[in-house]
$ cat protein39.tsv   # TSV, C-alpha atoms
chain	number	residue	atom	x	y	z
O	1	MET	CA	-107.93	211.04	144.37
O	2	LYS	CA	-108.76	213.96	146.72
O	3	LYS	CA	-105.97	212.88	149.08
O	4	VAL	CA	-103.54	212.76	146.15
O	5	ILE	CA	-104.43	216.31	145.04
O	6	ILE	CA	-104.05	217.66	148.60
O	7	PHE	CA	-100.67	215.92	148.88
O	8	LEU	CA	-99.46	217.52	145.63
O	9	ILE	CA	-100.56	220.99	146.77
O	10	VAL	CA	-98.63	220.60	150.04
O	11	LEU	CA	-95.52	219.48	148.15
O	12	THR	CA	-95.77	222.43	145.79
O	13	VAL	CA	-95.96	224.91	148.67
O	14	LEU	CA	-92.97	223.35	150.38
O	15	PHE	CA	-90.82	223.24	147.28
O	16	PHE	CA	-91.44	226.85	146.32
O	17	ASN	CA	-90.68	228.21	149.77
O	18	SER	CA	-87.11	229.40	149.24
O	19	ASP	CA	-86.41	229.43	152.98
O	20	SER	CA	-86.69	225.63	153.01
O	21	PHE	CA	-83.34	225.15	151.26
O	22	ALA	CA	-80.03	225.75	153.01
O	23	THR	CA	-76.82	226.64	151.20
O	24	THR	CA	-73.24	226.32	152.27
O	25	GLY	CA	-71.94	229.34	150.40
O	26	GLU	CA	-72.33	231.51	147.35
O	27	GLY	CA	-73.60	229.36	144.47
O	28	SER	CA	-73.06	226.12	146.39
O	29	LYS	CA	-76.23	224.41	147.51
O	30	THR	CA	-76.30	221.73	150.12
O	31	PHE	CA	-79.89	220.88	149.20
O	32	SER	CA	-81.08	221.06	145.59
O	33	PRO	CA	-84.79	220.31	145.13
O	34	TYR	CA	-86.36	218.85	142.02
O	35	PHE	CA	-90.06	219.02	141.19
O	36	ASP	CA	-91.78	217.95	137.97
O	37	MET	CA	-95.55	217.57	137.69
O	38	THR	CA	-97.85	217.13	134.71
O	39	LEU	CA	-101.63	217.17	135.09
O	40	SER	CA	-103.76	216.28	132.08
O	41	GLU	CA	-107.40	215.57	131.33
O	42	GLY	CA	-108.74	214.14	128.10
O	43	ALA	CA	-111.92	213.22	126.29
O	44	PHE	CA	-111.96	210.05	124.16
O	45	ILE	CA	-114.31	209.08	121.33
O	46	PRO	CA	-113.83	205.48	120.09
O	47	SER	CA	-115.21	204.21	116.79
O	48	ASP	CA	-117.12	201.52	118.68
O	49	GLY	CA	-118.49	202.25	122.12
O	50	ASN	CA	-119.37	205.22	124.25
O	51	PHE	CA	-117.58	208.52	124.74
O	52	PHE	CA	-115.47	208.59	127.93
O	53	SER	CA	-112.96	210.79	129.73
O	54	GLY	CA	-109.81	210.19	131.71
O	55	GLY	CA	-107.03	212.03	133.50
O	56	ASN	CA	-103.34	211.51	134.19
O	57	ILE	CA	-100.99	212.71	136.91
O	58	LYS	CA	-97.21	212.36	136.58
O	59	THR	CA	-95.19	213.76	139.45
O	60	GLN	CA	-91.55	213.51	140.52
O	61	VAL	CA	-90.33	215.08	143.74
O	62	GLY	CA	-86.62	214.83	144.46
O	63	LEU	CA	-83.96	216.22	146.74
O	64	LEU	CA	-80.21	216.13	146.09
O	65	THR	CA	-78.16	216.43	149.28
O	66	LYS	CA	-74.52	217.34	148.77
O	67	VAL	CA	-72.53	215.87	151.66
O	68	ASN	CA	-69.16	217.08	150.31
O	69	PRO	CA	-67.68	217.72	146.83
O	70	SER	CA	-67.35	213.98	146.10
O	71	ASN	CA	-70.40	212.52	147.83
O	72	SER	CA	-74.11	213.18	147.53
O	73	ILE	CA	-77.45	211.49	148.16
O	74	PHE	CA	-80.44	211.78	145.87
O	75	GLY	CA	-83.96	210.82	146.95
O	76	LEU	CA	-86.85	210.67	144.51
O	77	TYR	CA	-90.57	210.06	144.89
O	78	ASN	CA	-92.70	209.16	141.84
O	79	LEU	CA	-96.47	209.37	141.64
O	80	HIS	CA	-98.22	208.25	138.47
O	81	TYR	CA	-101.97	207.99	138.06
O	82	SER	CA	-103.18	206.74	134.69
O	83	GLY	CA	-106.89	207.00	134.01
O	84	PRO	CA	-109.06	205.59	131.22
O	85	GLY	CA	-107.70	206.02	127.71
O	86	PHE	CA	-106.89	204.29	124.45
O	87	GLN	CA	-104.54	201.34	124.91
O	88	PRO	CA	-102.28	199.25	122.62
O	89	GLN	CA	-103.64	195.87	121.59
O	90	ASP	CA	-102.91	192.92	123.92
O	91	SER	CA	-102.59	195.25	126.90
O	92	LYS	CA	-105.56	196.68	128.83
O	93	GLN	CA	-109.18	197.69	128.51
O	94	PHE	CA	-109.90	201.36	127.80
O	95	GLN	CA	-111.43	201.81	131.27
O	96	ASP	CA	-108.50	200.37	133.26
O	97	ARG	CA	-106.90	202.62	135.88
O	98	SER	CA	-103.55	202.44	137.66
O	99	LEU	CA	-101.89	204.29	140.53
O	100	LEU	CA	-98.15	203.97	141.19
O	101	HIS	CA	-96.09	205.15	144.16
O	102	GLY	CA	-92.32	204.81	143.75
O	103	PHE	CA	-89.44	205.64	146.10
O	104	ASN	CA	-85.76	205.66	145.17
O	105	VAL	CA	-82.65	206.57	147.19
O	106	GLU	CA	-79.33	206.82	145.38
O	107	TYR	CA	-75.83	207.39	146.74
O	108	ARG	CA	-73.52	209.18	144.30
O	109	ARG	CA	-69.76	208.96	144.62
O	110	ASP	CA	-67.21	210.70	142.39
O	111	ILE	CA	-64.29	208.28	142.04
O	112	ILE	CA	-62.33	210.54	139.70
O	113	LYS	CA	-63.34	213.51	137.57
O	114	SER	CA	-64.58	211.30	134.74
O	115	LEU	CA	-66.12	208.44	136.76
O	116	LYS	CA	-69.12	208.37	139.11
O	117	ILE	CA	-70.81	205.36	140.76
O	118	ARG	CA	-74.44	205.33	141.88
O	119	PRO	CA	-75.64	202.46	144.07
O	120	GLY	CA	-79.25	202.71	145.21
O	121	ILE	CA	-82.39	201.03	146.50
O	122	SER	CA	-85.99	201.41	145.39
O	123	TYR	CA	-89.50	200.43	146.39
O	124	SER	CA	-92.71	200.81	144.41
O	125	LYS	CA	-96.33	199.87	144.88
O	126	GLU	CA	-98.84	199.85	142.05
O	127	TYR	CA	-102.62	199.60	142.30
O	128	ARG	CA	-104.76	198.67	139.33
O	129	ARG	CA	-108.51	198.78	138.85
O	130	THR	CA	-110.15	196.84	136.05
O	131	GLY	CA	-113.74	197.53	137.17
O	132	ALA	CA	-115.56	200.71	138.21
O	133	ASN	CA	-116.64	199.25	141.55
O	134	GLU	CA	-113.33	197.56	142.39
O	135	ALA	CA	-111.51	198.93	145.44
O	136	TRP	CA	-107.90	199.98	144.88
O	137	GLU	CA	-106.55	197.74	147.62
O	138	ASN	CA	-108.32	194.67	146.22
O	139	GLY	CA	-107.06	194.94	142.64
O	140	LEU	CA	-106.20	191.60	141.08
O	141	TYR	CA	-103.08	193.05	139.46
O	142	ASN	CA	-101.73	195.07	142.40
O	143	MET	CA	-97.95	194.88	142.57
O	144	ASP	CA	-95.16	195.38	145.12
O	145	SER	CA	-91.55	195.78	144.00
O	146	PHE	CA	-88.34	196.11	146.01
O	147	GLY	CA	-84.73	196.03	144.84
O	148	GLY	CA	-81.45	197.76	144.23
O	149	GLN	CA	-79.16	199.04	141.53
O	150	LEU	CA	-75.53	199.72	140.75
O	151	ALA	CA	-74.74	202.28	138.05
O	152	ALA	CA	-71.55	203.87	136.77
O	153	ASP	CA	-71.25	207.04	134.67
O	154	TYR	CA	-68.13	207.60	132.58
O	155	TYR	CA	-67.70	211.16	131.25
O	156	PHE	CA	-65.66	211.14	128.02
O	157	ASP	CA	-66.44	214.58	126.53
O	158	PHE	CA	-67.28	217.34	128.98
O	159	ASP	CA	-67.74	219.99	126.27
O	160	ARG	CA	-70.49	218.00	124.51
O	161	ASP	CA	-71.98	216.17	127.51
O	162	GLY	CA	-70.50	212.82	126.54
O	163	ILE	CA	-71.57	210.18	129.06
O	164	LEU	CA	-71.47	206.39	128.97
O	165	THR	CA	-73.71	204.80	131.63
O	166	PHE	CA	-73.61	201.17	132.75
O	167	GLN	CA	-76.42	199.96	135.00
O	168	TYR	CA	-77.53	196.77	136.68
O	169	LEU	CA	-80.73	196.60	138.70
O	170	THR	CA	-82.73	193.82	140.28
O	171	ARG	CA	-86.28	193.75	141.62
O	172	ASP	CA	-88.29	191.29	143.67
O	173	VAL	CA	-91.80	191.69	142.25
O	174	LYS	CA	-94.91	190.37	143.97
O	175	PHE	CA	-98.60	190.33	143.03
O	176	PRO	CA	-100.27	189.68	146.38
O	177	ASN	CA	-103.85	189.51	145.07
O	178	TYR	CA	-103.23	187.68	141.81
O	179	THR	CA	-105.09	184.48	141.10
O	180	ASP	CA	-106.24	182.95	137.84
O	181	LEU	CA	-109.91	182.32	138.53
O	182	LEU	CA	-110.51	180.44	135.29
O	183	ARG	CA	-107.54	178.19	135.97
O	184	GLU	CA	-108.91	177.39	139.40
O	185	PHE	CA	-112.27	176.59	137.84
O	186	GLN	CA	-111.00	174.50	134.96
O	187	GLY	CA	-107.97	172.98	136.63
O	188	ALA	CA	-104.34	172.95	135.59
O	189	GLY	CA	-105.07	172.92	131.87
O	190	TYR	CA	-105.71	176.64	131.44
O	191	SER	CA	-103.40	179.57	130.74
O	192	SER	CA	-104.87	183.06	130.76
O	193	GLU	CA	-103.45	185.56	128.29
O	194	VAL	CA	-101.59	188.22	130.22
O	195	SER	CA	-99.82	191.44	129.20
O	196	GLY	CA	-96.73	191.18	131.37
O	197	GLY	CA	-95.47	189.59	134.59
O	198	LEU	CA	-98.58	189.15	136.69
O	199	GLN	CA	-97.08	186.37	138.82
O	200	ASP	CA	-94.38	186.71	141.50
O	201	GLN	CA	-90.98	187.02	139.89
O	202	THR	CA	-87.42	188.29	140.07
O	203	LEU	CA	-86.67	190.93	137.46
O	204	ASN	CA	-83.12	191.81	136.37
O	205	ASN	CA	-81.96	194.56	134.04
O	206	ILE	CA	-78.57	195.27	132.46
O	207	SER	CA	-78.10	198.30	130.22
O	208	ILE	CA	-75.45	200.41	128.55
O	209	ARG	CA	-76.46	203.91	127.45
O	210	PRO	CA	-74.24	206.42	125.61
O	211	LYS	CA	-75.11	210.11	125.34
O	212	TRP	CA	-73.22	212.70	123.30
O	213	ASN	CA	-74.00	216.10	121.79
O	214	LYS	CA	-77.78	215.65	122.35
O	215	PHE	CA	-77.74	212.20	120.76
O	216	PHE	CA	-78.63	209.25	122.97
O	217	GLY	CA	-79.32	205.54	122.75
O	218	GLY	CA	-78.86	202.28	124.53
O	219	LEU	CA	-78.92	198.52	124.67
O	220	THR	CA	-81.00	196.91	127.42
O	221	TYR	CA	-81.36	193.27	128.42
O	222	ILE	CA	-84.14	192.28	130.85
O	223	TRP	CA	-84.92	188.83	132.17
O	224	GLN	CA	-87.79	187.76	134.43
O	225	ASP	CA	-87.57	184.55	136.45
O	226	TYR	CA	-90.99	183.48	137.70
O	227	LYS	CA	-91.10	181.90	141.13
O	228	ASN	CA	-94.38	179.99	140.84
O	229	GLU	CA	-95.60	180.00	137.26
O	230	ARG	CA	-94.90	176.78	135.38
O	231	VAL	CA	-94.68	176.26	131.63
O	232	ILE	CA	-97.61	174.54	129.90
O	233	ASP	CA	-96.64	171.34	128.11
O	234	SER	CA	-98.10	170.15	124.82
O	235	ASN	CA	-100.60	167.95	126.68
O	236	GLY	CA	-102.24	171.06	128.12
O	237	THR	CA	-101.00	170.61	131.69
O	238	TYR	CA	-98.35	172.48	133.67
O	239	GLY	CA	-94.93	170.82	133.76
O	240	ALA	CA	-91.94	171.25	136.07
O	241	THR	CA	-90.21	174.07	134.17
O	242	ARG	CA	-90.66	177.58	135.53
O	243	GLN	CA	-91.56	180.43	133.21
O	244	LYS	CA	-88.81	182.80	132.08
O	245	ASP	CA	-89.20	185.89	129.89
O	246	GLU	CA	-86.46	187.91	128.19
O	247	ASN	CA	-86.37	191.32	126.50
O	248	ILE	CA	-83.60	192.81	124.36
O	249	THR	CA	-84.18	196.46	123.39
O	250	LEU	CA	-82.08	198.73	121.21
O	251	ASP	CA	-83.03	202.42	121.02
O	252	PHE	CA	-81.68	205.63	119.50
O	253	GLY	CA	-82.79	209.27	119.50
O	254	PHE	CA	-81.73	212.90	119.55
O	255	HIS	CA	-82.97	216.33	120.65
O	256	HIS	CA	-82.00	219.23	118.41
O	257	ILE	CA	-83.28	222.70	117.55
O	258	LEU	CA	-82.89	223.80	113.93
O	259	SER	CA	-83.89	227.44	113.62
O	260	ILE	CA	-87.54	227.44	114.81
O	261	LEU	CA	-87.93	223.64	114.59
O	262	GLU	CA	-87.42	221.55	117.74
O	263	MET	CA	-87.19	217.79	117.13
O	264	TYR	CA	-86.72	214.84	119.48
O	265	PRO	CA	-87.39	211.59	117.57
O	266	VAL	CA	-86.79	208.19	119.17
O	267	ILE	CA	-86.79	204.74	117.56
O	268	SER	CA	-86.56	201.45	119.45
O	269	TYR	CA	-86.67	197.76	118.57
O	270	THR	CA	-87.58	195.08	121.13
O	271	MET	CA	-87.28	191.30	120.90
O	272	HIS	CA	-89.38	189.54	123.53
O	273	THR	CA	-89.10	185.80	124.15
O	274	SER	CA	-90.84	183.55	126.67
O	275	ASN	CA	-90.79	179.83	127.25
O	276	GLN	CA	-94.47	180.00	128.22
O	277	ASN	CA	-97.04	178.41	125.92
O	278	TYR	CA	-100.78	178.92	125.65
O	279	VAL	CA	-103.87	176.73	125.56
O	280	ARG	CA	-107.00	178.25	124.02
O	281	TYR	CA	-110.32	176.87	125.33
O	282	LYS	CA	-113.01	177.85	122.86
O	283	TYR	CA	-115.82	177.54	125.37
O	284	LEU	CA	-116.17	177.14	129.14
O	285	GLY	CA	-116.87	173.41	129.22
O	286	ALA	CA	-113.82	172.39	127.15
O	287	SER	CA	-111.03	170.47	128.89
O	288	SER	CA	-107.53	169.18	128.18
O	289	THR	CA	-109.00	165.83	127.11
O	290	ASN	CA	-110.29	167.66	123.99
O	291	LEU	CA	-106.72	168.66	123.23
O	292	LEU	CA	-105.46	165.08	123.41
O	293	SER	CA	-108.27	163.92	121.11
O	294	GLY	CA	-107.34	166.50	118.47
O	295	SER	CA	-110.50	168.56	118.85
O	296	SER	CA	-110.36	172.18	117.61
O	297	ASP	CA	-112.20	173.25	120.76
O	298	VAL	CA	-108.86	173.25	122.60
O	299	THR	CA	-105.69	174.46	120.85
O	300	PHE	CA	-102.08	174.45	122.05
O	301	ILE	CA	-99.92	177.36	120.84
O	302	LYS	CA	-96.20	176.96	121.45
O	303	GLY	CA	-94.27	180.23	121.91
O	304	ASN	CA	-97.50	182.19	122.07
O	305	TYR	CA	-95.93	185.28	123.70
O	306	ASN	CA	-92.81	185.73	121.53
O	307	TYR	CA	-92.79	188.92	119.48
O	308	ASN	CA	-90.66	191.62	117.84
O	309	GLU	CA	-91.78	195.22	118.27
O	310	LEU	CA	-90.78	198.42	116.48
O	311	ASN	CA	-91.61	201.76	118.13
O	312	LEU	CA	-91.10	204.99	116.18
O	313	ASN	CA	-91.92	208.28	117.91
O	314	ILE	CA	-91.40	211.62	116.08
O	315	PRO	CA	-92.59	214.65	118.08
O	316	VAL	CA	-91.91	218.09	116.57
O	317	ASP	CA	-92.46	221.62	117.91
O	318	LEU	CA	-92.59	224.69	115.68
O	319	LEU	CA	-91.36	227.60	117.82
O	320	ILE	CA	-93.56	230.54	116.76
O	321	THR	CA	-92.40	232.91	119.53
O	322	SER	CA	-90.45	232.58	122.76
O	323	LYS	CA	-93.68	231.50	124.48
O	324	TRP	CA	-95.85	229.93	121.78
O	325	ALA	CA	-95.26	226.74	119.79
O	326	ILE	CA	-97.26	224.51	117.47
O	327	SER	CA	-96.70	220.86	118.30
O	328	GLY	CA	-97.27	217.75	116.24
O	329	GLY	CA	-96.04	214.26	115.80
O	330	ILE	CA	-96.58	210.67	114.91
O	331	ASN	CA	-96.07	207.51	116.93
O	332	ILE	CA	-96.14	204.04	115.37
O	333	VAL	CA	-95.96	200.84	117.40
O	334	LYS	CA	-95.82	197.63	115.33
O	335	ARG	CA	-95.76	194.28	117.10
O	336	ASP	CA	-95.25	191.06	115.12
O	337	TYR	CA	-95.72	187.77	116.96
O	338	THR	CA	-93.28	185.12	115.81
O	339	ASP	CA	-95.41	182.05	116.64
O	340	ARG	CA	-98.94	183.16	117.50
O	341	PRO	CA	-101.52	182.80	114.70
O	342	PRO	CA	-104.34	185.37	114.52
O	343	ARG	CA	-107.94	184.52	115.37
O	344	ASN	CA	-111.03	185.44	113.38
O	345	SER	CA	-114.27	186.80	114.82
O	346	ASN	CA	-115.45	183.22	115.53
O	347	ASN	CA	-112.36	182.53	117.69
O	348	ASN	CA	-110.81	180.21	115.12
O	349	TYR	CA	-107.05	180.30	114.44
O	350	ASP	CA	-105.54	180.97	111.01
O	351	PHE	CA	-102.39	178.84	111.07
O	352	ASN	CA	-101.22	180.15	107.69
O	353	SER	CA	-100.20	183.54	109.16
O	354	ARG	CA	-98.89	185.17	112.32
O	355	GLN	CA	-100.59	187.84	114.39
O	356	SER	CA	-99.50	191.42	113.73
O	357	ASN	CA	-100.69	194.56	115.56
O	358	THR	CA	-100.11	198.19	114.60
O	359	LEU	CA	-101.07	201.23	116.66
O	360	THR	CA	-100.64	204.64	114.99
O	361	THR	CA	-101.12	207.95	116.78
O	362	ILE	CA	-101.09	211.27	114.90
O	363	SER	CA	-101.25	214.33	117.10
O	364	GLY	CA	-101.17	218.10	116.92
O	365	GLY	CA	-101.67	220.95	119.31
O	366	ILE	CA	-100.57	224.23	120.85
O	367	ARG	CA	-98.02	224.79	123.61
O	368	LYS	CA	-97.61	227.99	125.62
O	369	GLN	CA	-94.69	228.63	127.97
O	370	LEU	CA	-96.35	230.45	130.86
O	371	ASN	CA	-93.09	231.30	132.64
O	372	ASP	CA	-89.64	229.83	133.27
O	373	ILE	CA	-91.00	226.76	135.06
O	374	SER	CA	-94.48	226.04	133.68
O	375	LEU	CA	-96.27	225.44	130.40
O	376	PHE	CA	-99.74	224.65	129.09
O	377	ARG	CA	-100.74	222.33	126.23
O	378	ILE	CA	-103.87	221.63	124.20
O	379	ASN	CA	-103.56	218.49	122.08
O	380	TYR	CA	-105.65	216.53	119.60
O	381	SER	CA	-104.85	212.92	118.65
O	382	LEU	CA	-106.13	210.48	116.06
O	383	ILE	CA	-105.49	206.87	117.09
O	384	VAL	CA	-105.78	203.97	114.65
O	385	GLY	CA	-105.43	200.40	115.89
O	386	SER	CA	-105.21	197.63	113.30
O	387	SER	CA	-104.58	193.91	113.56
O	388	ASN	CA	-105.15	190.74	111.58
O	389	ASN	CA	-106.64	189.35	114.80
O	390	THR	CA	-110.39	190.04	114.70
O	391	PHE	CA	-111.44	188.16	117.84
O	392	GLU	CA	-112.26	191.11	120.10
O	393	LYS	CA	-114.53	189.73	122.79
O	394	TYR	CA	-112.16	190.69	125.61
O	395	LEU	CA	-109.72	193.25	124.17
O	396	PRO	CA	-110.05	195.76	121.29
O	397	TYR	CA	-107.72	195.18	118.34
O	398	ASN	CA	-109.17	197.14	115.42
O	399	TYR	CA	-110.47	200.58	116.28
O	400	THR	CA	-110.23	204.28	115.49
O	401	GLY	CA	-110.30	206.88	118.21
O	402	ASN	CA	-110.25	210.64	118.60
O	403	SER	CA	-109.07	212.41	121.72
O	404	ILE	CA	-108.56	215.96	122.87
O	405	SER	CA	-106.67	216.81	126.03
O	406	ILE	CA	-105.37	219.72	128.05
O	407	ALA	CA	-102.24	219.53	130.19
O	408	TYR	CA	-100.38	221.73	132.65
O	409	GLN	CA	-96.72	221.08	133.49
O	410	ILE	CA	-94.50	222.64	136.11
O	411	THR	CA	-90.78	221.87	136.49
O	412	TYR	CA	-88.46	223.26	139.09

$ encode --input "protein39.tsv" --output "structure tokens"
Amino acid sequence: MKKVIIFLIVLTVLFFNSDSFATTGEGSKTFSPYFDMTLSEGAFIPSDGNFFSGGNIKTQVGLLTKVNPSNSIFGLYNLHYSGPGFQPQDSKQFQDRSLLHGFNVEYRRDIIKSLKIRPGISYSKEYRRTGANEAWENGLYNMDSFGGQLAADYYFDFDRDGILTFQYLTRDVKFPNYTDLLREFQGAGYSSEVSGGLQDQTLNNISIRPKWNKFFGGLTYIWQDYKNERVIDSNGTYGATRQKDENITLDFGFHHILSILEMYPVISYTMHTSNQNYVRYKYLGASSTNLLSGSSDVTFIKGNYNYNELNLNIPVDLLITSKWAISGGINIVKRDYTDRPPRNSNNNYDFNSRQSNTLTTISGGIRKQLNDISLFRINYSLIVGSSNNTFEKYLPYNYTGNSISIAYQITY
């Protein structure tokens, strides 16, 4: 982390040295820098467990190079460190940490006044730590991603910033350290519950996003083709079919200021489907032969990972003065599994219902605009996680948490 902080300080010095940016004439920049950094630190008090703290760093450093009036190149570096904190159910432990480096280069070409194309390439590397003594480079869930994109922007209303964006991107995603230790121990009859694509895969994304008069939205389709992971058959063993996951997301939001009230609500709905199934082994010595004999010690769940998720986020700022604002908001994430039954505290399934998780966050705080490019926030949040799944040996499902955080943001 010390190296990361030093790196950010160096970048800040470089980007605020005005002599570093050449111009080709009055009001016409050849190089236009972009810098956005948010540093935050929080304290977390869960209803069950010990008090803990965690920090976050979100940084984007970009440079737009204008070759001529119709052609430009934009380079962007992303750094995101996520420390311990409260997590949605079926995702991560509170103490998990992640560190992401991302690089993107985009060529921008104006075809006509109302049409721009943006081909590009990107590379990212993510490190994840699930244990306090685990080295970053040895993380089981470390990920490498490389790919490209082709986007087109159609401008249909210049007075009200009307833009229609089409985008296709593809990524080759690898998890070089990933191995399922329990599967190796128990053989081919085990499937660990995962919260995303932990195996090598090809990820594709197609989206269409309109924006007009501070309203925005979009329709996104994502599909993940796994290269090695096979689908578990009803006999508890892996068959010949490769795993494939799909996401369809529809979202809508706006950003408006009404007198002293600034609002930017967003609502999204996601349908996730996967052909992967799941086999639950109730104890370590159970095997797929128990499944074939009808024993409850081993249970096969078809379509275990399919779900529909609603995400409603309503942040609001009350603008007291030109520098001070009172902030508040509510965020509700509700995930309903279509095929997975919930488990009770004894790890037994209830086949008469389907698992449903809800995570609600209510927050409030104070924001001060320090100057034209920086601001400071103090925020308090109440987090309530609820689920009809009460088996919480590995992941928390039902909990209440309180957190208070401070954040500093600078944008140039």

$ axis_aligned_box --input "protein39.tsv" --around "range 160-169 of chain O" --padding-each-side "4 Å" --output "lines of an AutoDock Vina configuration file"
center_x = -75.6
center_y = 207.3
center_z = 131.6
size_x = 18.2
size_y = 29.4
size_z = 22.2

$ closest_residue --input "protein39.tsv" --among "O:Lys227, O:Lys393, O:Lys368, O:His272" --to "Asp339 in chain O" --atoms "all atoms listed in the file"
O:His272

$ residues_around --input "protein39.tsv" --residues "Pro119 in chain O" --least-positions-apart "5" --cutoff "6 Å" --atoms "all atoms listed in the file" --output "mmCIF file with C-alpha atoms, keeping the file's coordinate frame"
data_model
loop_
_atom_site.group_PDB
_atom_site.id
_atom_site.type_symbol
_atom_site.label_atom_id
_atom_site.label_comp_id
_atom_site.auth_asym_id
_atom_site.auth_seq_id
_atom_site.Cartn_x
_atom_site.Cartn_y
_atom_site.Cartn_z
ATOM 1 C CA GLU O 106 -79.330 206.820 145.380
ATOM 2 C CA TYR O 107 -75.830 207.390 146.740
ATOM 3 C CA GLN O 149 -79.160 199.040 141.530
ATOM 4 C CA LEU O 150 -75.530 199.720 140.750
#

$ closest_residue --input "protein39.tsv" --among "O:Ser268, O:Asn311, O:Gln201, O:Arg280" --to "Lys244 in chain O" --atoms "all atoms listed in the file"
O:Gln201

$ residues_around --input "protein39.tsv" --residues "Gln60 in chain O" --least-positions-apart "4" --cutoff "8 Å" --atoms "only C-alpha atoms" --output "list in words"
Tyr34, Phe35, Asp36, Met37, Leu76, Tyr77, Asn78 and Leu79 of chain O

$ residues_around --input "protein39.tsv" --residues "Glu229 in chain O" --least-positions-apart "6" --cutoff "8 Å" --atoms "only C-alpha atoms" --output "MDAnalysis selection string"
chainID O and resid 199 242:243

$ atom_distance --input "protein39.tsv" --atom1 "CA of Ile260 in chain O" --atom2 "CA of Ile404 in chain O"
25.3 Å

$ residues_around --input "protein39.tsv" --residues "range 252-256 of chain O" --least-positions-apart "5" --cutoff "9 Å" --atoms "all atoms listed in the file" --output "PyMOL selection string"
chain O and resi 213-218+261-268

$ residues_around --input "protein39.tsv" --residues "Asn228 in chain O" --least-positions-apart "3" --cutoff "12 Å" --atoms "all atoms listed in the file" --output "PyMOL selection string"
chain O and resi 174-175+178-179+197-202+225+231+238-244

$ closest_residue --input "protein39.tsv" --among "O:Asn344, O:Ser374, O:Ser234, O:Thr170" --to "Ala407 in chain O" --atoms "all atoms listed in the file"
O:Ser374

$ closest_residue --input "protein39.tsv" --among "O:Leu370, O:Leu359, O:Ile330, O:Ile383" --to "Asp90 in chain O" --atoms "only C-alpha atoms"
O:Leu359

$ residues_near_point --input "protein39.tsv" --point "(-103.9, 187.8, 114.1)" --cutoff "12 Å" --atoms "all atoms listed in the file" --output "ChimeraX atom specification"
/O:89-90,304,335-345,347-358,386-392,397-398

$ atom_distance --input "protein39.tsv" --atom1 "CA of Asn204 in chain O" --atom2 "CA of Ile112 in chain O"
28.2 Å

$ closest_residue --input "protein39.tsv" --among "O:Lys116, O:Lys125, O:Arg160, O:Arg109" --to "Asp172 in chain O" --atoms "only C-alpha atoms"
O:Lys125

$ atom_distance --input "protein39.tsv" --atom1 "CA of Ile57 in chain O" --atom2 "CA of Leu39 in chain O"
4.9 Å

$ closest_residue --input "protein39.tsv" --among "O:Phe31, O:Ile248, O:Phe166, O:Glu41" --to "Tyr408 in chain O" --atoms "only C-alpha atoms"
O:Glu41

$ decode --input "protein39.tsv" --residues "range 120-131 of chain O" --atoms "N, CA and C atoms" --output "PDB file, in the first residue's frame"
ATOM      1  N   GLY O 120     -11.002   0.282 -29.216  1.00  0.00           N
ATOM      2  CA  GLY O 120     -10.021   0.357 -28.141  1.00  0.00           C
ATOM      3  C   GLY O 120      -9.589  -1.001 -27.657  1.00  0.00           C
ATOM      4  N   ILE O 121      -8.541  -1.010 -26.845  1.00  0.00           N
ATOM      5  CA  ILE O 121      -8.033  -2.227 -26.219  1.00  0.00           C
ATOM      6  C   ILE O 121      -7.880  -1.968 -24.722  1.00  0.00           C
ATOM      7  N   SER O 122      -7.934  -3.024 -23.937  1.00  0.00           N
ATOM      8  CA  SER O 122      -7.819  -2.859 -22.487  1.00  0.00           C
ATOM      9  C   SER O 122      -7.131  -4.063 -21.872  1.00  0.00           C
ATOM     10  N   TYR O 123      -6.506  -3.805 -20.736  1.00  0.00           N
ATOM     11  CA  TYR O 123      -5.873  -4.870 -19.947  1.00  0.00           C
ATOM     12  C   TYR O 123      -6.088  -4.546 -18.476  1.00  0.00           C
ATOM     13  N   SER O 124      -6.430  -5.537 -17.705  1.00  0.00           N
ATOM     14  CA  SER O 124      -6.591  -5.336 -16.263  1.00  0.00           C
ATOM     15  C   SER O 124      -6.047  -6.535 -15.504  1.00  0.00           C
ATOM     16  N   LYS O 125      -5.611  -6.256 -14.300  1.00  0.00           N
ATOM     17  CA  LYS O 125      -5.101  -7.306 -13.418  1.00  0.00           C
ATOM     18  C   LYS O 125      -5.646  -7.047 -12.021  1.00  0.00           C
ATOM     19  N   GLU O 126      -6.297  -8.046 -11.466  1.00  0.00           N
ATOM     20  CA  GLU O 126      -6.904  -7.909 -10.148  1.00  0.00           C
ATOM     21  C   GLU O 126      -6.292  -8.917  -9.184  1.00  0.00           C
ATOM     22  N   TYR O 127      -5.947  -8.419  -8.004  1.00  0.00           N
ATOM     23  CA  TYR O 127      -5.457  -9.262  -6.915  1.00  0.00           C
ATOM     24  C   TYR O 127      -6.520  -9.308  -5.830  1.00  0.00           C
ATOM     25  N   ARG O 128      -6.691 -10.485  -5.238  1.00  0.00           N
ATOM     26  CA  ARG O 128      -7.657 -10.610  -4.151  1.00  0.00           C
ATOM     27  C   ARG O 128      -7.054 -11.386  -3.004  1.00  0.00           C
ATOM     28  N   ARG O 129      -7.310 -10.905  -1.802  1.00  0.00           N
ATOM     29  CA  ARG O 129      -6.840 -11.574  -0.587  1.00  0.00           C
ATOM     30  C   ARG O 129      -8.037 -11.984   0.249  1.00  0.00           C
ATOM     31  N   THR O 130      -8.114 -13.253   0.564  1.00  0.00           N
ATOM     32  CA  THR O 130      -9.202 -13.743   1.408  1.00  0.00           C
ATOM     33  C   THR O 130      -8.732 -14.053   2.818  1.00  0.00           C
ATOM     34  N   GLY O 131      -7.416 -13.953   3.073  1.00  0.00           N
ATOM     35  CA  GLY O 131      -6.860 -14.192   4.398  1.00  0.00           C
ATOM     36  C   GLY O 131      -5.847 -13.124   4.738  1.00  0.00           C
TER      37      GLY O 131
END
